[in-house]
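Asks: coords.cif is reproduced below (mmCIF, C-alpha atoms).
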```cif
data_final
#
loop_
_atom_site.group_PDB
_atom_site.id
_atom_site.type_symbol
_atom_site.label_atom_id
_atom_site.label_comp_id
_atom_site.auth_asym_id
_atom_site.auth_seq_id
_atom_site.Cartn_x
_atom_site.Cartn_y
_atom_site.Cartn_z
ATOM 1 C CA GLU A 1 19.112 14.431 -40.224
ATOM 2 C CA ARG A 2 17.080 14.663 -43.393
ATOM 3 C CA VAL A 3 14.397 17.294 -42.982
ATOM 4 C CA GLU A 4 10.898 16.844 -44.375
ATOM 5 C CA TYR A 5 11.116 19.894 -46.633
ATOM 6 C CA ALA A 6 14.031 22.111 -47.621
ATOM 7 C CA VAL A 7 14.163 25.148 -49.871
ATOM 8 C CA ARG A 8 17.273 25.410 -52.005
ATOM 9 C CA LEU A 9 18.825 28.881 -51.845
ATOM 10 C CA PRO A 10 21.892 30.136 -53.739
ATOM 11 C CA GLY A 11 25.072 30.043 -51.687
ATOM 12 C CA GLN A 12 28.095 32.318 -51.769
ATOM 13 C CA GLU A 13 29.974 29.902 -54.025
ATOM 14 C CA GLU A 14 28.670 28.754 -57.401
ATOM 15 C CA GLY A 15 27.193 25.260 -57.181
ATOM 16 C CA SER A 16 27.084 25.245 -53.366
ATOM 17 C CA PRO A 17 23.475 25.808 -52.299
ATOM 18 C CA VAL A 18 22.248 26.674 -48.826
ATOM 19 C CA TRP A 19 19.178 24.842 -47.548
ATOM 20 C CA LEU A 20 16.298 26.348 -45.583
ATOM 21 C CA PRO A 21 14.830 23.581 -43.359
ATOM 22 C CA ILE A 22 11.034 23.413 -43.006
ATOM 23 C CA ASP A 23 9.559 20.915 -40.552
ATOM 24 C CA ALA A 24 5.835 20.141 -40.764
ATOM 25 C CA LYS A 25 5.547 17.150 -38.424
ATOM 26 C CA PHE A 26 3.593 18.883 -35.712
ATOM 27 C CA PRO A 27 1.043 16.869 -33.674
ATOM 28 C CA LEU A 28 -2.437 18.355 -33.475
ATOM 29 C CA GLU A 29 -3.575 16.705 -30.233
ATOM 30 C CA ASP A 30 -2.847 19.738 -28.027
ATOM 31 C CA TYR A 31 -4.657 22.026 -30.447
ATOM 32 C CA GLU A 32 -7.708 19.761 -30.486
ATOM 33 C CA ARG A 33 -7.794 19.704 -26.672
ATOM 34 C CA LEU A 34 -7.592 23.493 -26.641
ATOM 35 C CA GLN A 35 -10.517 23.712 -29.040
ATOM 36 C CA GLN A 36 -12.597 21.395 -26.886
ATOM 37 C CA ALA A 37 -11.832 23.415 -23.749
ATOM 38 C CA GLN A 38 -12.766 26.655 -25.507
ATOM 39 C CA GLU A 39 -16.023 25.185 -26.786
ATOM 40 C CA ALA A 40 -16.852 24.039 -23.260
ATOM 41 C CA ALA A 41 -16.087 27.569 -21.981
ATOM 42 C CA ASP A 42 -13.914 26.065 -19.260
ATOM 43 C CA LYS A 43 -11.250 28.635 -18.365
ATOM 44 C CA THR A 44 -9.172 26.250 -16.276
ATOM 45 C CA LEU A 45 -9.026 23.622 -19.013
ATOM 46 C CA THR A 46 -8.401 26.333 -21.606
ATOM 47 C CA ASP A 47 -5.405 27.698 -19.684
ATOM 48 C CA GLU A 48 -4.009 24.190 -19.198
ATOM 49 C CA ALA A 49 -4.463 23.360 -22.857
ATOM 50 C CA MET A 50 -2.844 26.675 -23.860
ATOM 51 C CA ASN A 51 0.186 25.937 -21.681
ATOM 52 C CA ALA A 52 0.438 22.425 -23.093
ATOM 53 C CA LEU A 53 0.301 23.826 -26.615
ATOM 54 C CA ALA A 54 3.056 26.336 -25.837
ATOM 55 C CA GLN A 55 5.258 23.574 -24.397
ATOM 56 C CA ALA A 56 4.633 21.332 -27.400
ATOM 57 C CA VAL A 57 5.569 24.114 -29.842
ATOM 58 C CA ALA A 58 8.711 24.893 -27.829
ATOM 59 C CA ARG A 59 9.750 21.204 -27.820
ATOM 60 C CA GLU A 60 9.294 21.007 -31.577
ATOM 61 C CA ALA A 61 11.391 24.138 -32.061
ATOM 62 C CA THR A 62 14.192 22.729 -29.883
ATOM 63 C CA ARG A 63 14.128 19.462 -31.829
ATOM 64 C CA ILE A 64 14.223 21.266 -35.177
ATOM 65 C CA ALA A 65 17.173 23.426 -34.102
ATOM 66 C CA ALA A 66 19.170 20.413 -32.938
ATOM 67 C CA LYS A 67 18.496 18.264 -35.992
ATOM 68 C CA TYR A 68 18.328 20.564 -38.988
ATOM 69 C CA ILE A 69 20.195 23.848 -38.425
ATOM 70 C CA HIS A 70 23.804 23.347 -39.518
ATOM 71 C CA PRO A 71 25.415 26.425 -41.136
ATOM 72 C CA PRO A 72 27.018 26.839 -43.632
ATOM 73 C CA TYR A 73 25.129 23.927 -45.203
ATOM 74 C CA THR A 74 21.806 25.338 -44.028
ATOM 75 C CA THR A 75 20.497 28.747 -43.126
ATOM 76 C CA ASP A 76 21.028 29.835 -39.538
ATOM 77 C CA PHE A 77 17.310 29.482 -38.880
ATOM 78 C CA ALA A 78 14.550 26.995 -39.669
ATOM 79 C CA ILE A 79 10.782 27.084 -40.169
ATOM 80 C CA LEU A 80 8.259 25.323 -37.911
ATOM 81 C CA TYR A 81 5.232 24.911 -40.161
ATOM 82 C CA LEU A 82 1.850 24.739 -38.407
ATOM 83 C CA PRO A 83 -0.478 23.185 -41.018
ATOM 84 C CA VAL A 84 -3.740 24.753 -39.774
ATOM 85 C CA GLU A 85 -4.448 28.478 -39.757
ATOM 86 C CA GLY A 86 -6.321 28.172 -36.442
ATOM 87 C CA LEU A 87 -3.369 26.411 -34.853
ATOM 88 C CA TYR A 88 -1.021 29.115 -36.089
ATOM 89 C CA ALA A 89 -3.368 31.807 -34.729
ATOM 90 C CA GLU A 90 -3.430 30.148 -31.299
ATOM 91 C CA ALA A 91 0.375 29.993 -31.242
ATOM 92 C CA LEU A 92 0.515 33.710 -31.978
ATOM 93 C CA ARG A 93 -1.877 34.396 -29.092
ATOM 94 C CA ILE A 94 0.497 32.847 -26.545
ATOM 95 C CA PRO A 95 2.404 35.824 -25.092
ATOM 96 C CA GLY A 96 6.087 35.924 -26.088
ATOM 97 C CA LEU A 97 6.145 32.412 -27.576
ATOM 98 C CA VAL A 98 7.029 33.253 -31.171
ATOM 99 C CA GLU A 99 9.680 35.809 -30.171
ATOM 100 C CA ARG A 100 11.241 33.361 -27.700
ATOM 101 C CA LEU A 101 11.492 30.616 -30.306
ATOM 102 C CA GLN A 102 13.211 32.960 -32.726
ATOM 103 C CA ARG A 103 15.666 34.202 -30.106
ATOM 104 C CA VAL A 104 16.494 30.929 -28.330
ATOM 105 C CA SER A 105 16.011 28.219 -30.943
ATOM 106 C CA ARG A 106 16.373 30.271 -34.152
ATOM 107 C CA VAL A 107 13.067 28.815 -35.348
ATOM 108 C CA SER A 108 10.347 30.869 -37.025
ATOM 109 C CA VAL A 109 6.729 29.764 -36.831
ATOM 110 C CA ALA A 110 4.642 29.899 -40.021
ATOM 111 C CA GLY A 111 1.114 29.005 -41.019
ATOM 112 C CA PRO A 112 -0.142 28.164 -44.527
ATOM 113 C CA THR A 113 -0.556 31.801 -45.564
ATOM 114 C CA THR A 114 2.575 33.156 -43.935
ATOM 115 C CA LEU A 115 4.712 30.338 -45.347
ATOM 116 C CA LEU A 116 3.595 31.271 -48.869
ATOM 117 C CA ALA A 117 4.376 34.920 -48.184
ATOM 118 C CA LEU A 118 7.810 33.960 -46.815
ATOM 119 C CA LEU A 119 8.696 31.868 -49.858
ATOM 120 C CA ASN A 120 7.530 34.628 -52.221
ATOM 121 C CA SER A 121 9.659 37.156 -50.331
ATOM 122 C CA LEU A 122 12.718 34.909 -50.589
ATOM 123 C CA GLN A 123 12.141 34.393 -54.291
ATOM 124 C CA MET A 124 11.790 38.105 -55.018
ATOM 125 C CA GLY A 125 14.796 38.899 -52.839
ATOM 126 C CA PHE A 126 17.102 36.536 -54.700
ATOM 127 C CA ARG A 127 15.753 37.670 -58.070
ATOM 128 C CA THR A 128 16.661 41.235 -57.136
ATOM 129 C CA LEU A 129 20.094 40.096 -55.950
ATOM 130 C CA ALA A 130 20.687 38.246 -59.223
ATOM 131 C CA ILE A 131 19.738 41.324 -61.241
ATOM 132 C CA GLN A 132 22.079 43.495 -59.185
ATOM 133 C CA GLN A 133 24.945 41.052 -59.628
ATOM 134 C CA ARG A 134 24.387 40.969 -63.391
ATOM 135 C CA SER A 135 23.491 44.636 -63.833
ATOM 136 C CA ALA A 136 26.318 45.225 -66.355
ATOM 137 C CA GLU A 137 25.068 42.340 -68.478
ATOM 138 C CA VAL A 138 21.490 43.601 -68.246
ATOM 139 C CA TRP A 139 22.485 47.098 -69.410
ATOM 140 C CA ARG A 140 24.551 45.662 -72.254
ATOM 141 C CA LEU A 141 21.594 43.581 -73.386
ATOM 142 C CA LEU A 142 19.299 46.613 -73.228
ATOM 143 C CA SER A 143 21.760 48.604 -75.347
ATOM 144 C CA GLN A 144 21.838 45.837 -77.947
ATOM 145 C CA VAL A 145 18.068 45.684 -78.038
ATOM 146 C CA LYS A 146 17.900 49.470 -78.430
ATOM 147 C CA GLY A 147 20.328 49.331 -81.372
ATOM 148 C CA GLU A 148 18.450 46.483 -83.017
ATOM 149 C CA PHE A 149 15.163 48.321 -82.584
ATOM 150 C CA ALA A 150 16.593 51.446 -84.250
ATOM 151 C CA ALA A 151 17.784 49.332 -87.201
ATOM 152 C CA PHE A 152 14.375 47.702 -87.380
ATOM 153 C CA GLY A 153 12.769 51.162 -87.569
ATOM 154 C CA ASP A 154 15.018 52.062 -90.525
ATOM 155 C CA ILE A 155 14.000 48.872 -92.295
ATOM 156 C CA LEU A 156 10.331 49.709 -91.745
ATOM 157 C CA ASP A 157 10.834 53.202 -93.206
ATOM 158 C CA LYS A 158 12.569 51.791 -96.303
ATOM 159 C CA THR A 159 9.868 49.169 -96.725
ATOM 160 C CA GLN A 160 7.163 51.825 -96.455
ATOM 161 C CA ASN A 161 8.872 53.941 -99.153
ATOM 162 C CA ARG A 162 9.138 50.950 -101.467
ATOM 163 C CA LEU A 163 5.491 50.088 -100.933
ATOM 164 C CA ARG A 164 4.505 53.680 -101.726
ATOM 165 C CA GLN A 165 6.593 53.625 -104.914
ATOM 166 C CA ALA A 166 5.051 50.309 -105.948
ATOM 167 C CA SER A 167 1.575 51.705 -105.305
ATOM 168 C CA GLU A 168 2.314 54.747 -107.483
ATOM 169 C CA SER A 169 3.636 52.506 -110.289
ATOM 170 C CA ILE A 170 0.525 50.323 -110.134
ATOM 171 C CA ASP A 171 -1.715 53.421 -110.246
ATOM 172 C CA LEU A 172 0.151 54.771 -113.311
ATOM 173 C CA ALA A 173 -0.116 51.420 -115.079
ATOM 174 C CA SER A 174 -3.832 51.322 -114.336
ATOM 175 C CA ARG A 175 -4.368 54.760 -115.920
ATOM 176 C CA LYS A 176 -2.412 53.756 -119.031
ATOM 177 C CA THR A 177 -4.494 50.595 -119.293
ATOM 178 C CA ARG A 178 -7.729 52.601 -119.274
ATOM 179 C CA THR A 179 -6.345 54.919 -121.997
ATOM 180 C CA ILE A 180 -5.389 52.004 -124.215
ATOM 181 C CA THR A 181 -8.805 50.403 -123.699
ATOM 182 C CA ARG A 182 -10.595 53.591 -124.841
ATOM 183 C CA ARG A 183 -8.423 53.784 -127.989
ATOM 184 C CA LEU A 184 -9.189 50.163 -128.861
ATOM 185 C CA ARG A 185 -12.918 50.750 -128.451
ATOM 186 C CA SER A 186 -12.760 53.746 -130.852
ATOM 187 C CA VAL A 187 -11.035 51.546 -133.432
ATOM 188 C CA GLU A 188 -13.728 48.858 -133.125
ATOM 189 C CA SER A 189 -16.489 51.457 -133.816
ATOM 190 C CA LEU A 190 -15.093 52.416 -137.251
ATOM 191 C CA ASP A 191 -16.969 50.878 -140.270
ATOM 192 C CA GLY A 192 -14.145 50.199 -142.666
ATOM 193 C CA ALA A 193 -12.972 53.796 -142.645
ATOM 194 C CA GLU A 194 -9.357 54.649 -142.461
ATOM 195 C CA PRO A 195 -8.513 54.594 -138.775
ATOM 196 C CA PRO A 196 -7.389 57.927 -137.493
ATOM 197 C CA ALA A 197 -3.906 58.282 -136.211
ATOM 198 C CA LEU A 198 -3.763 57.562 -132.546
ATOM 199 C CA PRO A 199 -2.262 60.271 -130.399
ATOM 200 C CA ASP A 200 0.652 59.417 -128.283
ATOM 201 C CA ILE A 201 -0.395 57.951 -124.983
ATOM 202 C CA GLU A 202 1.820 60.310 -123.080
ATOM 203 C CA ASP A 203 -0.070 63.274 -124.680
ATOM 204 C CA ASP A 204 -3.510 62.056 -123.615
ATOM 205 C CA PRO A 205 -5.282 65.144 -122.234
ATOM 206 C CA GLU A 206 -7.170 62.931 -119.761
ATOM 207 C CA GLU A 207 -3.940 61.851 -118.135
#
```
Output the file's structure in the form of structure tokens.

Replies:
Amino acid sequence: ERVEYAVRLPGQEEGSPVWLPIDAKFPLEDYERLQQAQEAADKTLTDEAMNALAQAVAREATRIAAKYIHPPYTTDFAILYLPVEGLYAEALRIPGLVERLQRVSRVSVAGPTTLLALLNSLQMGFRTLAIQQRSAEVWRLLSQVKGEFAAFGDILDKTQNRLRQASESIDLASRKTRTITRRLRSVESLDGAEPPALPDIEDDPEE
């Protein structure tokens, strides 16, 4: 049957996924009765409610295994999601319940926090597997990047040399401009006298 939630996992063959069934249709009535018995500090009612909760969880696990676990289309286990952290904690307190469900029904119990941790673990596991399967491609890409980076460094060195040469040329042109400006000012200060011969710019002692 169609499960409420399913996580798509990569299968052995390309394009053939494997589904992880997650069932979250758990009734909360037994948990609420257990809470009421605990608040009333009634040990007899608490024990009865605890047993009822254990039976309800076991029934759900049996139902999930029968309906949703069908390898190779699904994983060989399923997840029984308990939507309240307190409910999950009470299930863990029942001696041997979680281990029995995993062994007999191949169903793992998860609460809100543990389900998130489980999904993150699966994601990281398959990412690592994908990297291992494509390790040759990863190393080839790293080699290409290393080569491109070395070429980029050479380009930067050449660009830096050209910028330094341009800066030196601009500085030389600036000095020549100042020399020419001084010569022009000396010409403007003459009152009709024969202008003296200008020395060659290259021989300027101030240069």

Asks: Using the chain letters and numbers from the file, give me the residues hit by the PyMOL selection byres ((chain A and resi 74-91) around 9), as a count of residues only.

Replies: 44

Asks: For a quick check of understanding, using only C-alpha atoms, which of A:Gln38, A:Glu99, A:Lys43, A:Asn120 has the smallest distance to Val7 of chain A?

Replies: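 Residue with the minimum atom-to-atom distance to Val7 of chain A: A:Asn120.
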
Asks: Find the distance between atom CA of Gly96 of chain A and atom CA of Arg63 of chain A and write it in Å to one decimal.

Replies: 19.2 Å

Asks: One number please: atom CA of Arg8 of chain A to atom CA of Gly125 of chain A, in Å, one decimal.

Replies: 13.7 Å

Asks: Would you kindly identify which residues have an atom no farther than 6 Å from (-4.7, 20.1, -24.7), using all atoms listed in the file and the file's own coordinates, and write them out as a list in words?

Replies: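 Checked against the point, the hits come out as Asp30, Arg33, Leu34, Ala49 and Ala52 of chain A.
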
Asks: Hey, can I get the axis-aligned box for segment 94-99 of chain A? All listed atoms, 8 Å padding on each side, centre and edge lengths in Å to one decimal, as lines of an AutoDock Vina configuration file.

Replies:
```
center_x = 5.1
center_y = 34.2
center_z = -28.1
size_x = 25.2
size_y = 19.5
size_z = 22.1
```

Asks: Report the distance between atom CA of Glu32 of chain A and atom CA of Thr44 of chain A in Å, rounded to one decimal place.

Replies: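 Computing it gives 15.7 Å between the two atoms.
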